[in-house]
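**Q** Handing you a structure now.
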Amino acid sequence: MTGAADAVTELYALMPDAFTAARNQRAADAAKAGDKPSGKAIRALPKPSSAAWLVNMLTLHRPSLVSEVLELGAVLREAQNDLDQKQLRQLSGERQRLLRSAAREARSLAEELGHPVSTAVGAEVEQTLWAAMTDADAAAAASSGQLVRALEANGWDPVDVSGAVADPGSVRPLANGQRRS
């Protein structure tokens with residue numbers, strides 16, 4: 001998908017109602033320019049779910065908030081790995097506060113962008129951000145700006161990120177988190 005990387009970045013920054021037409025136009029343009037593989041790859045890009053779109057918008061419009069969520073997640077994962085119960089208890093309250101605040105900010109951003117979302121979508125955004133806190137691969141996916149579906153975590157198992165990102169080959173590990181091998 002390397003030839004389509006610019007299209008991925010552009011498309012997943014669009015409003016939901018503009019995605020399909022823009023994707024089809026970019027695919028047609030690539031094919032007309034003689035790059036049929038890119039055209040085919042672009043046409044296959046899935047429209048993001050409402051929650052995934054909103055997480056993508058957070059990465060684009062509120063990067064400091066997303067960074068704060070991911071940094072706290074890295075600290076929580078480290079405390080979990082160290083089995084530091086005292087630090088985990090202290091961080092648990094901060095995690096809950098930050099996730100609630102981020103979900104509220106996401107819904108506010110959706111309204112600012114003229115695309116308000118339901119409480120259920122806000123809950124999916126919160127669940128996706130929690131998944132990003134619990135798992136380094138989920139953190140990389142959520143911060144990629146090209147999420148196509150919400151993520152789920154149970155707090156114990158690795159988060160399933162398969163099919164969650166438009167161009168998985170372009171998603172790199174985060175500097176403050178370790179990817180699973």
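Identifiers in the structure tokens: chain A, B, ... in order shown; residue index from 1 per chain; ligand index from 1 in order shown.
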Select from stretch 37-94 of chain A every residue with an atom at most 10 Å from any atom of stretch 116-139 of chain A, then for each give the shortest pair of atoms and their distance in Å to one decimal, using only C-alpha atoms, rows by chain and rising number, as a tab-separated table.
**A**
residue	atom	partner	partner_atom	distance
A:Ser49	CA	A:Val121	CA	9.2
A:Ser50	CA	A:Val121	CA	6.6
A:Ala51	CA	A:Val125	CA	5.3
A:Ala52	CA	A:Val125	CA	7.3
A:Trp53	CA	A:Val125	CA	9.3
A:Leu54	CA	A:Val125	CA	7.2
A:Val55	CA	A:Val125	CA	6.4
A:Leu58	CA	A:Val125	CA	9.9
A:Val66	CA	A:Leu129	CA	8.4
A:Ser67	CA	A:Ala139	CA	9.8
A:Val69	CA	A:Met133	CA	6.7
A:Leu70	CA	A:Met133	CA	5.7
A:Glu71	CA	A:Met133	CA	8.0
A:Leu72	CA	A:Met133	CA	7.0
A:Gly73	CA	A:Met133	CA	3.7
A:Ala74	CA	A:Met133	CA	6.7
A:Val75	CA	A:Met133	CA	9.0
A:Leu76	CA	A:Met133	CA	7.5
A:Arg77	CA	A:Thr134	CA	6.4
A:Gln80	CA	A:Thr134	CA	9.6
**Q** Which parts of stretch 5-171 of chain A does DSSP call alpha helix (DSSP H) when run on the backbone here, written out as a PyMOL selection string?
**A** chain A and resi 5-11+16-32+36-43+50-61+63-81+85-112+119-134+136-142
**Q** For A:Leu109, please output as JSON, numbers by chain all residues within 9 Å (counting only C-alpha atoms; exclusion window: fewer than 2 positions along the same chain).
**A** {"A": [54, 57, 58, 61, 62, 104, 105, 106, 107, 111, 112, 113, 114, 115, 116]}
**Q** Atom CA of A:Val8 and atom CA of A:Leu147 are how many Å apart?
**A**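 Between atom CA of A:Val8 and atom CA of A:Leu147 the gap works out to 10.4 Å.
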**Q** From the options A:Ala28, A:Ala33, A:Ala166, A:Leu65, which residue's atoms come nearest to A:Glu10, counting only C-alpha atoms?
**A**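 Looking at the shortest contact to A:Glu10, the residue is A:Ala166.
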**Q** For a test of reading the model, state the distance in Å between atom CA of A:Leu98 and atom CA of A:Glu68, rounded to one decimal.
**A**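 Taking atom CA of A:Leu98 and atom CA of A:Glu68, their separation equals 8.5 Å.
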**Q** Expressed in Å to a single decimal, how great is the separation between atom CA of A:Tyr12 and atom CA of A:Pro48?
**A** 7.7 Å
**Q** Find, counting only C-alpha atoms, the residue in A:Ala7, A:Leu151, A:Ala102, A:Leu14 that gets nearest to A:Pro63.
**A** A:Ala102
**Q** Taking only C-alpha atoms into account, which of A:Ser92, A:Ser108, A:Ser144, A:Asn56 comes nearest A:Met15?
**A**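 Distance minimum relative to A:Met15 lands on A:Asn56.
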**Q** Residues near A:Arg89, anyone? I mean within 10 Å using only C-alpha atoms, not counting same-chain ones fewer than 4 positions away, as a ChimeraX atom specification.
**A** /A:76,79,84-85,93-94
**Q** Write the selection just made, keeping N, CA and C atoms, as a compact mmCIF listing (two decimals), in the first residue's frame?
**A**
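What landed in again-v5.txt:
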# COMPACT_ATOMS: atom_id res chain seq x y z
N LEU A 76 1.14 2.82 33.21
CA LEU A 76 0.32 1.75 33.78
C LEU A 76 0.83 0.37 33.38
N ALA A 79 3.92 -0.34 35.42
CA ALA A 79 3.56 -0.70 36.81
C ALA A 79 2.99 -2.11 36.86
N ASP A 84 3.66 -3.50 40.66
CA ASP A 84 3.68 -2.44 41.66
C ASP A 84 2.24 -2.07 42.03
N GLN A 85 1.69 -2.79 43.01
CA GLN A 85 0.28 -2.62 43.39
C GLN A 85 -0.02 -1.21 43.88
N GLY A 93 -7.21 5.65 39.54
CA GLY A 93 -8.10 6.81 39.59
C GLY A 93 -7.79 7.81 38.50
N GLU A 94 -6.50 8.03 38.27
CA GLU A 94 -6.10 8.95 37.20
C GLU A 94 -6.56 8.43 35.84
